[in-house]
Structures are given as C-alpha cells and as structure tokens.
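*Asks:* Data: structure.csv, CSV, C-alpha atoms.
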```
chain,number,residue,atom,x,y,z
K,1,MET,CA,-1.7,-14.8,27.0
K,2,ARG,CA,-2.2,-14.5,23.3
K,3,MET,CA,-5.2,-12.5,22.2
K,4,GLN,CA,-7.9,-14.7,20.5
K,5,PHE,CA,-10.7,-13.6,18.3
K,6,HIS,CA,-13.4,-16.2,17.9
K,7,LYS,CA,-15.2,-15.8,14.6
K,8,LEU,CA,-18.6,-15.6,16.3
K,9,PHE,CA,-17.5,-12.4,18.1
K,10,LEU,CA,-15.7,-10.6,15.3
K,11,PRO,CA,-18.7,-8.7,13.9
K,12,LEU,CA,-19.6,-7.4,17.4
K,13,PHE,CA,-16.0,-6.5,18.0
K,14,LEU,CA,-15.8,-4.4,14.9
K,15,SER,CA,-19.1,-2.7,15.3
K,16,VAL,CA,-18.1,-1.6,18.8
K,17,LEU,CA,-15.0,0.0,17.4
K,18,ALA,CA,-16.6,1.6,14.4
K,19,LEU,CA,-16.3,5.3,13.9
K,20,PRO,CA,-19.3,7.3,15.0
K,21,ALA,CA,-21.6,7.8,12.0
K,22,THR,CA,-21.7,11.6,12.2
K,23,ALA,CA,-17.9,11.9,12.1
K,24,GLN,CA,-17.7,9.4,9.3
K,25,LYS,CA,-20.4,11.2,7.3
K,26,ASP,CA,-18.6,14.5,7.8
K,27,LEU,CA,-15.4,13.1,6.4
K,28,LEU,CA,-17.0,11.5,3.4
K,29,ASP,CA,-19.2,14.4,2.6
K,30,LYS,CA,-16.2,16.7,2.4
K,31,ALA,CA,-13.9,14.3,0.6
K,32,SER,CA,-14.0,14.4,-3.1
K,33,ILE,CA,-11.6,14.1,-6.1
K,34,THR,CA,-10.4,17.5,-7.0
K,35,ASN,CA,-7.7,16.5,-9.5
K,36,SER,CA,-7.7,13.1,-11.2
K,37,SER,CA,-4.2,13.8,-12.6
K,38,ALA,CA,-2.7,14.2,-9.1
K,39,SER,CA,-0.5,11.3,-8.0
K,40,PHE,CA,0.6,10.8,-4.3
K,41,ILE,CA,3.3,13.4,-5.0
K,42,ASP,CA,3.6,16.5,-7.1
K,43,VAL,CA,5.8,15.1,-9.8
K,44,ALA,CA,7.0,18.4,-11.4
K,45,SER,CA,7.8,19.9,-8.0
K,46,ARG,CA,9.7,16.8,-6.9
K,47,ARG,CA,11.7,16.6,-10.1
K,48,SER,CA,12.7,20.2,-9.6
K,49,ALA,CA,13.8,19.5,-6.1
K,50,LEU,CA,15.8,16.4,-7.1
K,51,ALA,CA,17.8,18.5,-9.7
K,52,SER,CA,19.5,20.3,-6.8
K,53,ALA,CA,19.6,17.5,-4.2
K,54,THR,CA,22.4,17.4,-1.7
K,55,ASN,CA,20.9,14.7,0.7
K,56,PRO,CA,23.4,11.8,0.4
K,57,ARG,CA,20.5,9.3,0.5
K,58,VAL,CA,18.7,11.0,-2.3
K,59,ILE,CA,22.0,11.3,-4.3
K,60,ALA,CA,22.6,7.6,-3.8
K,61,ALA,CA,19.1,6.8,-5.0
K,62,LEU,CA,19.6,8.9,-8.1
K,63,LYS,CA,22.7,7.0,-9.0
K,64,ASP,CA,20.9,3.7,-9.3
K,65,LYS,CA,20.5,2.6,-12.9
K,66,TRP,CA,16.9,1.3,-12.7
K,67,GLY,CA,14.0,2.0,-15.0
K,68,CYS,CA,11.2,0.3,-16.9
K,69,THR,CA,13.3,0.4,-20.1
K,70,ARG,CA,16.0,-1.5,-18.3
K,71,SER,CA,13.6,-4.1,-16.8
K,72,GLU,CA,12.2,-7.4,-18.0
K,73,GLN,CA,8.8,-6.9,-19.7
K,74,PRO,CA,6.8,-9.8,-18.3
K,75,ALA,CA,4.0,-11.2,-20.4
K,76,PRO,CA,0.6,-11.4,-18.7
K,77,PRO,CA,0.0,-14.8,-17.2
K,78,THR,CA,-2.5,-16.9,-19.0
K,79,GLY,CA,-5.2,-19.2,-17.5
K,80,ARG,CA,-6.8,-19.3,-14.1
K,81,MET,CA,-5.1,-17.2,-11.4
K,82,ILE,CA,-4.4,-19.8,-8.6
K,83,ILE,CA,-1.7,-19.0,-6.1
K,84,PRO,CA,-0.7,-21.3,-3.2
K,85,HIS,CA,-1.1,-20.0,0.3
K,86,HIS,CA,1.7,-17.9,1.7
K,87,TYR,CA,2.0,-20.0,4.8
K,88,LEU,CA,2.3,-23.8,4.8
K,89,SER,CA,-0.4,-24.0,7.5
K,90,GLY,CA,-2.7,-21.3,8.9
K,91,SER,CA,-1.7,-17.7,9.1
K,92,ASN,CA,1.8,-18.0,10.6
K,93,GLY,CA,4.8,-20.3,10.7
K,94,PRO,CA,6.8,-21.6,7.8
K,95,ILE,CA,6.4,-19.9,4.4
K,96,ASN,CA,5.3,-21.9,1.4
K,97,PRO,CA,8.0,-21.7,-1.3
K,98,GLU,CA,5.5,-22.5,-4.0
K,99,GLU,CA,3.8,-19.1,-3.5
K,100,ALA,CA,6.9,-17.2,-4.6
K,101,LYS,CA,7.2,-19.3,-7.7
K,102,ALA,CA,3.6,-18.5,-8.7
K,103,THR,CA,3.9,-14.8,-8.1
K,104,VAL,CA,7.0,-14.2,-10.3
K,105,PRO,CA,5.2,-12.5,-13.2
K,106,TYR,CA,3.3,-10.2,-10.9
K,107,GLN,CA,6.5,-9.2,-9.0
K,108,LYS,CA,8.3,-8.6,-12.3
K,109,LEU,CA,5.4,-6.4,-13.5
K,110,GLN,CA,5.5,-4.4,-10.2
K,111,ASP,CA,9.3,-4.0,-10.4
K,112,ALA,CA,9.2,-2.8,-14.0
K,113,VAL,CA,6.5,-0.2,-13.7
K,114,THR,CA,7.6,1.2,-10.3
K,115,ASP,CA,11.2,1.4,-11.5
K,116,GLY,CA,9.9,3.2,-14.5
K,117,ALA,CA,7.8,5.6,-12.4
K,118,SER,CA,10.8,6.3,-10.1
K,119,ARG,CA,13.1,7.0,-12.9
K,120,TYR,CA,10.5,9.2,-14.6
K,121,VAL,CA,10.2,11.4,-11.5
K,122,ALA,CA,14.0,11.7,-11.4
K,123,THR,CA,14.5,12.4,-15.1
K,124,GLY,CA,11.3,13.2,-16.9
K,125,ASP,CA,12.3,10.7,-19.6
K,126,HIS,CA,9.3,10.2,-21.9
K,127,ALA,CA,10.6,6.7,-22.7
K,128,GLU,CA,10.0,5.6,-19.1
K,129,ALA,CA,6.4,6.8,-19.2
K,130,VAL,CA,5.8,5.1,-22.5
K,131,CYS,CA,7.4,1.9,-21.3
K,132,VAL,CA,5.1,1.8,-18.2
K,133,ALA,CA,2.0,2.6,-20.2
K,134,ASN,CA,2.8,0.0,-22.9
K,135,LEU,CA,3.4,-2.7,-20.4
K,136,LEU,CA,0.2,-2.0,-18.5
K,137,ALA,CA,-1.7,-1.8,-21.8
K,138,ARG,CA,-0.5,-5.2,-22.7
K,139,TRP,CA,-1.8,-6.6,-19.4
K,140,ALA,CA,-5.0,-4.7,-19.7
K,141,ALA,CA,-5.6,-6.1,-23.2
K,142,ALA,CA,-5.2,-9.6,-21.7
K,143,ARG,CA,-7.7,-8.8,-19.0
K,144,THR,CA,-5.2,-10.0,-16.4
K,145,LEU,CA,-6.1,-10.0,-12.7
K,146,LEU,CA,-9.7,-10.8,-13.5
K,147,ASP,CA,-9.7,-14.6,-13.7
K,148,TYR,CA,-9.9,-15.9,-10.2
K,149,THR,CA,-12.2,-16.2,-7.2
K,150,SER,CA,-11.3,-15.7,-3.5
K,151,LYS,CA,-13.0,-19.0,-2.6
K,152,GLU,CA,-10.8,-20.9,-5.0
K,153,SER,CA,-7.6,-19.1,-4.2
K,154,SER,CA,-7.6,-16.5,-1.5
K,155,GLN,CA,-3.9,-15.9,-2.1
K,156,ALA,CA,-4.7,-14.9,-5.7
K,157,TRP,CA,-7.1,-12.3,-4.3
K,158,TYR,CA,-4.4,-11.0,-2.0
K,159,GLN,CA,-1.9,-10.8,-4.8
K,160,VAL,CA,-4.4,-8.7,-6.8
K,161,GLU,CA,-4.5,-6.3,-3.9
K,162,TRP,CA,-0.8,-5.8,-3.9
K,163,THR,CA,-0.2,-5.8,-7.7
K,164,LEU,CA,-3.1,-3.3,-8.2
K,165,SER,CA,-1.8,-1.1,-5.5
K,166,SER,CA,1.7,-1.1,-7.1
K,167,ILE,CA,0.7,-0.5,-10.7
K,168,SER,CA,-2.0,2.1,-9.9
K,169,LEU,CA,0.4,4.2,-7.8
K,170,ALA,CA,3.2,3.8,-10.5
K,171,TYR,CA,0.8,4.7,-13.3
K,172,SER,CA,-0.4,7.8,-11.4
K,173,VAL,CA,3.1,9.1,-11.6
K,174,VAL,CA,3.5,8.9,-15.4
K,175,GLN,CA,-0.2,9.2,-16.5
K,176,SER,CA,0.1,12.8,-17.6
K,177,ASP,CA,3.1,12.4,-19.9
K,178,SER,CA,2.3,13.8,-23.3
K,179,ALA,CA,3.8,10.7,-25.1
K,180,ILE,CA,1.0,8.4,-23.7
K,181,PRO,CA,-1.9,8.3,-26.2
K,182,ALA,CA,-5.3,9.2,-24.9
K,183,ASP,CA,-6.9,5.9,-26.0
K,184,GLN,CA,-4.2,4.0,-24.1
K,185,ARG,CA,-4.8,6.0,-21.0
K,186,LYS,CA,-8.4,5.1,-21.2
K,187,GLN,CA,-7.7,1.4,-21.7
K,188,ILE,CA,-5.4,1.2,-18.7
K,189,VAL,CA,-7.7,3.1,-16.3
K,190,ASN,CA,-10.8,1.2,-17.4
K,191,TRP,CA,-9.0,-2.1,-16.8
K,192,MET,CA,-7.8,-1.0,-13.4
K,193,HIS,CA,-11.3,0.1,-12.5
K,194,ASP,CA,-12.7,-3.3,-13.6
K,195,VAL,CA,-10.0,-5.1,-11.5
K,196,THR,CA,-10.9,-3.0,-8.5
K,197,ILE,CA,-14.6,-3.6,-8.7
K,198,TYR,CA,-14.1,-7.3,-9.3
K,199,MET,CA,-11.8,-7.5,-6.3
K,200,PHE,CA,-14.4,-6.0,-4.1
K,201,ASP,CA,-17.0,-8.4,-5.5
K,202,GLN,CA,-14.9,-11.2,-4.1
K,203,GLY,CA,-15.6,-10.0,-0.6
K,204,PRO,CA,-15.0,-12.6,2.2
K,205,ARG,CA,-17.6,-14.2,4.5
K,206,PRO,CA,-19.0,-12.1,7.3
K,207,ASP,CA,-16.8,-14.0,9.8
K,208,ASP,CA,-13.6,-13.7,7.8
K,209,HIS,CA,-10.9,-11.6,9.5
K,210,THR,CA,-9.8,-10.2,6.1
K,211,ARG,CA,-12.9,-8.1,6.1
K,212,GLU,CA,-11.2,-5.7,8.5
K,213,ASN,CA,-7.5,-6.7,8.8
K,214,ASN,CA,-4.6,-5.5,6.7
K,215,HIS,CA,-6.1,-7.0,3.6
K,216,SER,CA,-9.0,-4.6,3.8
K,217,TYR,CA,-6.5,-1.7,4.1
K,218,TRP,CA,-4.8,-2.9,0.9
K,219,ARG,CA,-8.1,-2.9,-0.8
K,220,ALA,CA,-8.7,0.6,0.5
K,221,LEU,CA,-5.5,1.7,-1.1
K,222,CYS,CA,-6.7,0.2,-4.4
K,223,ALA,CA,-10.0,2.0,-4.1
K,224,THR,CA,-8.4,5.3,-3.3
K,225,SER,CA,-5.7,5.1,-6.0
K,226,VAL,CA,-7.9,3.8,-8.8
K,227,GLY,CA,-10.8,6.0,-7.7
K,228,VAL,CA,-8.7,9.1,-8.3
K,229,LEU,CA,-7.4,7.8,-11.7
K,230,ALA,CA,-10.9,7.0,-12.8
K,231,SER,CA,-12.5,10.1,-11.3
K,232,ASP,CA,-14.8,7.7,-9.3
K,233,ASN,CA,-15.8,9.6,-6.1
K,234,SER,CA,-17.7,6.6,-4.8
K,235,LEU,CA,-14.7,4.3,-5.1
K,236,TYR,CA,-12.4,7.0,-3.7
K,237,ARG,CA,-14.6,7.5,-0.6
K,238,ARG,CA,-14.8,3.8,-0.1
K,239,GLY,CA,-11.1,3.8,0.4
K,240,LEU,CA,-11.2,6.7,2.8
K,241,GLU,CA,-14.0,5.1,4.7
K,242,GLN,CA,-12.0,1.9,5.3
K,243,TYR,CA,-9.0,4.0,6.5
K,244,VAL,CA,-11.2,5.7,9.1
K,245,ARG,CA,-12.6,2.3,10.3
K,246,ALA,CA,-9.0,1.0,10.6
K,247,ILE,CA,-8.0,3.9,12.8
K,248,GLY,CA,-11.1,3.2,15.0
K,249,GLN,CA,-10.1,-0.4,15.5
K,250,MET,CA,-7.0,0.2,17.6
K,251,ASN,CA,-6.5,-1.1,21.1
K,252,PRO,CA,-5.9,1.6,23.7
K,253,ASP,CA,-2.1,1.2,23.3
K,254,GLY,CA,-2.3,1.8,19.5
K,255,SER,CA,-1.9,-1.9,18.4
K,256,LEU,CA,-4.2,-3.2,15.7
K,257,PRO,CA,-6.1,-6.1,17.2
K,258,LEU,CA,-6.4,-8.3,14.2
K,259,GLU,CA,-2.7,-8.0,13.5
K,260,MET,CA,-1.8,-8.8,17.1
K,261,ALA,CA,-3.3,-12.3,16.6
K,262,ARG,CA,-0.5,-13.2,14.2
K,263,HIS,CA,1.8,-14.9,16.8
K,264,GLU,CA,5.5,-14.3,15.9
K,265,ASN,CA,4.6,-12.0,13.0
K,266,ALA,CA,2.3,-9.7,15.0
K,267,LEU,CA,4.6,-6.7,15.0
K,268,HIS,CA,5.5,-7.4,11.3
K,269,TYR,CA,1.8,-7.2,10.5
K,270,GLN,CA,1.4,-4.0,12.5
K,271,SER,CA,3.9,-2.4,10.2
K,272,PHE,CA,2.5,-4.1,7.1
K,273,ALA,CA,-0.9,-2.7,7.9
K,274,LEU,CA,0.4,0.8,8.2
K,275,GLU,CA,1.9,0.6,4.7
K,276,PRO,CA,-1.3,1.0,2.7
K,277,LEU,CA,-2.8,3.3,5.3
K,278,ALA,CA,0.1,5.7,4.9
K,279,MET,CA,-0.4,5.7,1.1
K,280,VAL,CA,-4.1,6.3,1.4
K,281,ALA,CA,-3.3,9.3,3.5
K,282,GLU,CA,-0.8,10.5,0.9
K,283,LEU,CA,-3.3,10.2,-1.9
K,284,ALA,CA,-6.0,11.9,0.1
K,285,ALA,CA,-3.7,14.8,0.9
K,286,ARG,CA,-3.2,15.5,-2.8
K,287,GLN,CA,-7.0,15.8,-3.0
K,288,GLY,CA,-7.2,18.2,-0.1
K,289,THR,CA,-8.2,15.8,2.7
K,290,ASP,CA,-5.9,15.4,5.7
K,291,LEU,CA,-6.3,11.9,7.0
K,292,TYR,CA,-3.2,12.0,9.2
K,293,SER,CA,-5.1,14.2,11.7
K,294,ILE,CA,-8.4,12.3,11.4
K,295,ARG,CA,-9.4,10.9,14.9
K,296,SER,CA,-11.6,7.9,15.4
K,297,ASN,CA,-12.5,6.5,18.8
K,298,GLY,CA,-9.8,8.7,20.3
K,299,HIS,CA,-7.0,7.6,17.9
K,300,THR,CA,-5.1,8.9,14.9
K,301,ILE,CA,-2.8,6.8,12.8
K,302,ALA,CA,0.1,8.3,14.9
K,303,ASP,CA,-0.9,6.0,17.7
K,304,ALA,CA,-0.4,2.9,15.6
K,305,VAL,CA,3.0,4.2,14.5
K,306,ASP,CA,3.9,5.0,18.1
K,307,PHE,CA,3.0,1.5,19.2
K,308,LEU,CA,5.2,0.1,16.5
K,309,VAL,CA,8.1,2.2,17.7
K,310,ARG,CA,7.6,1.4,21.4
K,311,ALA,CA,7.1,-2.3,20.8
K,312,SER,CA,10.2,-2.5,18.6
K,313,ALA,CA,12.3,-0.8,21.3
K,314,ASN,CA,10.7,-2.9,24.1
K,315,PRO,CA,9.7,-6.4,23.1
K,316,ASP,CA,8.0,-7.0,26.5
K,317,LEU,CA,5.1,-4.9,25.2
K,318,MET,CA,4.2,-7.7,22.8
K,319,LYS,CA,4.0,-10.4,25.5
K,320,GLN,CA,0.3,-9.6,26.2
K,321,TYR,CA,-0.5,-10.5,22.6
K,322,ALA,CA,2.1,-13.1,21.6
K,323,SER,CA,4.3,-15.5,23.6
K,324,GLU,CA,6.7,-16.0,20.7
K,325,PRO,CA,9.7,-13.7,20.0
K,326,GLN,CA,8.8,-11.3,17.2
K,327,SER,CA,10.1,-11.7,13.7
K,328,PHE,CA,10.2,-8.0,13.1
K,329,SER,CA,11.6,-4.9,14.8
K,330,LEU,CA,12.3,-1.4,13.4
K,331,PHE,CA,15.6,-1.6,15.3
K,332,SER,CA,16.8,-4.9,14.0
K,333,GLY,CA,19.6,-3.3,11.9
K,334,LYS,CA,17.8,-4.2,8.7
K,335,LYS,CA,16.3,-1.6,6.3
K,336,PRO,CA,13.1,-0.1,7.7
K,337,PRO,CA,10.0,-0.6,5.6
K,338,ALA,CA,9.7,2.0,2.8
K,339,TRP,CA,6.5,3.5,4.1
K,340,VAL,CA,8.5,5.0,6.9
K,341,GLU,CA,10.0,7.4,4.3
K,342,PHE,CA,6.5,9.0,3.8
K,343,TRP,CA,5.8,9.1,7.5
K,344,ALA,CA,9.2,10.7,8.3
K,345,ALA,CA,8.6,13.4,5.6
K,346,HIS,CA,5.6,14.6,7.7
K,347,HIS,CA,7.1,13.7,11.1
K,348,PRO,CA,10.9,14.5,11.1
K,349,GLY,CA,13.1,13.6,14.0
K,350,GLU,CA,13.9,10.5,16.0
K,351,PRO,CA,13.8,7.6,15.6
K,352,TRP,CA,13.5,8.2,11.8
K,353,SER,CA,16.6,10.4,11.5
K,354,THR,CA,18.6,7.4,12.8
K,355,LEU,CA,16.7,4.7,10.9
K,356,LEU,CA,16.8,6.5,7.6
K,357,ASN,CA,20.4,6.0,6.5
K,358,GLN,CA,20.0,4.5,3.1
K,359,PRO,CA,17.5,4.7,0.2
K,360,LEU,CA,14.2,2.8,0.6
K,361,SER,CA,12.1,1.3,-2.1
K,362,ASP,CA,9.1,-1.0,-2.3
K,363,SER,CA,7.3,-1.9,-5.5
K,364,VAL,CA,4.0,-2.4,-3.6
K,365,ILE,CA,3.8,1.3,-2.7
K,366,GLY,CA,4.9,2.7,-6.0
K,367,GLY,CA,8.7,2.4,-6.1
K,368,ASN,CA,11.6,4.4,-4.7
K,369,ALA,CA,10.2,6.2,-1.6
K,370,THR,CA,13.4,8.1,-1.0
K,371,LEU,CA,13.3,9.6,-4.4
K,372,TYR,CA,9.6,10.5,-4.0
K,373,VAL,CA,9.6,12.2,-0.6
K,374,ALA,CA,12.9,12.3,1.3
K,375,PRO,CA,14.3,15.8,2.0
K,376,ALA,CA,16.3,16.8,-1.1
K,377,LYS,CA,18.7,18.8,1.0
```
What does the file become when written as structure tokens?
*Replies:*
Amino acid sequence: MRMQFHKLFLPLFLSVLALPATAQKDLLDKASITNSSASFIDVASRRSALASATNPRVIAALKDKWGCTRSEQPAPPTGRMIIPHHYLSGSNGPINPEEAKATVPYQKLQDAVTDGASRYVATGDHAEAVCVANLLARWAAARTLLDYTSKESSQAWYQVEWTLSSISLAYSVVQSDSAIPADQRKQIVNWMHDVTIYMFDQGPRPDDHTRENNHSYWRALCATSVGVLASDNSLYRRGLEQYVRAIGQMNPDGSLPLEMARHENALHYQSFALEPLAMVAELAARQGTDLYSIRSNGHTIADAVDFLVRASANPDLMKQYASEPQSFSLFSGKKPPAWVEFWAAHHPGEPWSTLLNQPLSDSVIGGNATLYVAPAK
C-alpha cells in the first residue's frame, strides 16, 4: 500500500519527528561562521593535490576542456519569472517539456559558473575567476531571481533554489581570487543575500509538503552557502537547523517519508533529497561543525544513504511505499548522482568503489565533484 500523507495531519507528523529542542539548541549554539572565505573545499590544498594526481578518474576530469571562459555567457532573463510545472499533472508522471524551455538561461548560467569554478580549482587561472564574477555581477545588476512569487509560479520558486545553490557554491570557490574587485564581490554577495531572504519570504502554506520535503533542504543549502558568503550567522544556522530537522524526519528504515510519497519517483527523490543535505554537511565541516555525525531521533544521514543503497539493490523494499517500479536505482548502470562523490570521500569502500568509475559533475552542487573531492591518487 502506498504511504499517504493527508494535509491535515502533516503538521502533527512533522512535530512528532522534530529534533528535541535541547539537542537542536546545542548544535545551533555551537555552530557559527569561522571563515567566510571558506568554500565547501580547501581550494589551495585541492589544487596542490590535483597537480600530482594519478587517479584515472581525476586525470580524465582534468582533461576536459570546460570553463567559464569557454562557455556561453547567458544574459539575465527579463520580465516576470514564470516557469511551467515540472510535471504535466501533480507531482509525478509525464514531465512537462515547457519547463525545460523556460529554464534554459538558468541552466546556462549554472553551467558557465560551475565550469569556471571547477577549472579554477584545477588551474588557478585568474581569467576563470573573473569570468564567473563578471557573469554573476551582470545578473546581480539586473536583480534577477527576485521577480516572482511562489503562489504565481511555484516552479519558479524551485528554480531559484537550484540556481542559487549552484551559483553560491561556485562563487565560494573563486571569491578570494585577487583579480575580483572588492566592490564586485560586495555586489554579488549582497544580491545573493537578497535572493535568499526573498526566497524564504515566499514560504508555502502550513499544509504544503514543500515546507519539509526536499525543497526545504535545497533552501537550507542556499541559507548555509549564502550565510557563509555574507557572514550571516542567523542565515547559516537556519540552514543547519533544517538539516537537523530533515534527519529527524526519517522512517525507522532510513527512508524520508515525504519523498516516499512520490510513486515511481520515490527512490529518485530519496537521492535528490540527499544531494543538498550532503552539501550542507560539507559547508558546515569547513566551519568546524560535523553534521555527518549529528543524530536526531536516533538517525544520522548515513541511515538515509543506507536505505538508498539497500532499496536500489532490493526493489522489494519499496513496495510498502510505492506499487510502481522505480525510475531510479544506484545500480542501474547509469552514472550515479554527483553527491555520491562527496559521500564516498568520507566513507570509502563498497558500493562506492564499484559505482565510481567515471568523473561525476552536477552544476546544481557546484560543478565537477570528482575534481573537488575524489582521491587524487
């Protein structure tokens, strides 16, 4: 039987699974921004490691001829930001082709800045940092990502989550380059901060699942990433607080309840939800907070990853949540999602050593994950 969540019971459900207040307070009291220049990786250290890389996957990634300077420089869209829904009906089933058409400029922006950030890590090329900053400054000057409402276009709101995650992570990689003028840095960060605050102001109705499902995790990533860039401890802690709530929402088997209600895409959304959570943990680690070991309601993030692995290997585990065959599996033979690269860097061994056989990149989480964190040797 498929798990159902009636809107009248959602607030009660989430309150039952919330992290105990004392544990949450302890985490937030100790968590603070210690270095606003820190990215989700140590850029200088990583560049040094890449210079002597022998890992075939890393070498393959280094050979790619990508970069911001080689990418199309998309102009910021003008007019009201209205994007058609991702699905033709509801939250699963056939995908609406009109959405992809409407999101082209945002995807081009994400590709350009994350390609630039990845190449910058590999080469230290000032031109890549300048290209990223100039492109973001152009969008900042146009006040892009600020002309929409979630009521008018919920998909526009979601796109802001993903684009802001992408560009804030990419910018964190290049922000300290000496070729970027101080006034431009301020312009970019102030714009991203305004976009983040406005995004949260578009909060959904109390009975809307996006208050606590994967969308809230993407907003948490924005808050964490932009909070660091802007030295805004309140915003930074808001991201960490949502991470802790997410961990506390798990079913006993490690599945995320609101993602399990997505029919044939349930396992896909389990993975998709882990993507921003992993990046929040990476950012927090650079500020001295270990979220990977944080336990809420008896769970750590490892339990959600473990469920994803087990359900990918044994589809029968999904039958209690969805009667449909699943659209996603880690073991489908396709590339695994790029967030796995970050997870495997902390948790080496199977199944990751088998799954990771080619470079992995995703613009939504900052670019080439293999270049960023895969073992160099």
*Asks:* Could you tell me how far CA of His268 in chain K lies from CA of Phe328 in chain K, in Å and to one decimal?
*Replies:*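 Here the two named atoms are 5.1 Å from each other.
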*Asks:* Enter the distance from CA of Val58 in chain K to CA of Gln270 in chain K, in Å, rounded to one decimal.
*Replies:*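 Calculated distance between CA of Val58 in chain K and CA of Gln270 in chain K is 27.3 Å.
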*Asks:* So how far away is CA of Asn314 in chain K from CA of Gln249 in chain K, in Å?
*Replies:*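 Atom-to-atom, CA of Gln249 in chain K and CA of Asn314 in chain K are spaced 22.6 Å apart.
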*Asks:* When distances are computed from only C-alpha atoms, which of K:Arg286, K:His85, K:Arg185, K:Arg219 shows the smallest separation from Val43 in chain K?
*Replies:*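 Of the candidates, the smallest distance to Val43 in chain K is held by K:Arg286.
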*Asks:* Do you know which residues are at most 9 Å from range 279-281 of chain K counting only C-alpha atoms, after dropping those on the same chain fewer than 6 positions away, and could you put them as a ChimeraX atom specification?
*Replies:* /K:40,217,220-222,224-225,239-240,243,289-292,339,342,365
*Asks:* Could you give me, as a ChimeraX atom specification, the residues within 12 Å of Ala51 in chain K, counting only C-alpha atoms and dropping anything in the same chain fewer than 6 positions from it?
*Replies:* /K:44-45,58-59,62,121-124,371,376-377
*Asks:* Give as a ChimeraX atom specification the set of residues within 12 Å of the point (-15.1, -7.5, -8.5), where distances use the file's coordinates and only C-alpha atoms.
*Replies:* /K:145-150,157,160-161,191-204,219,223
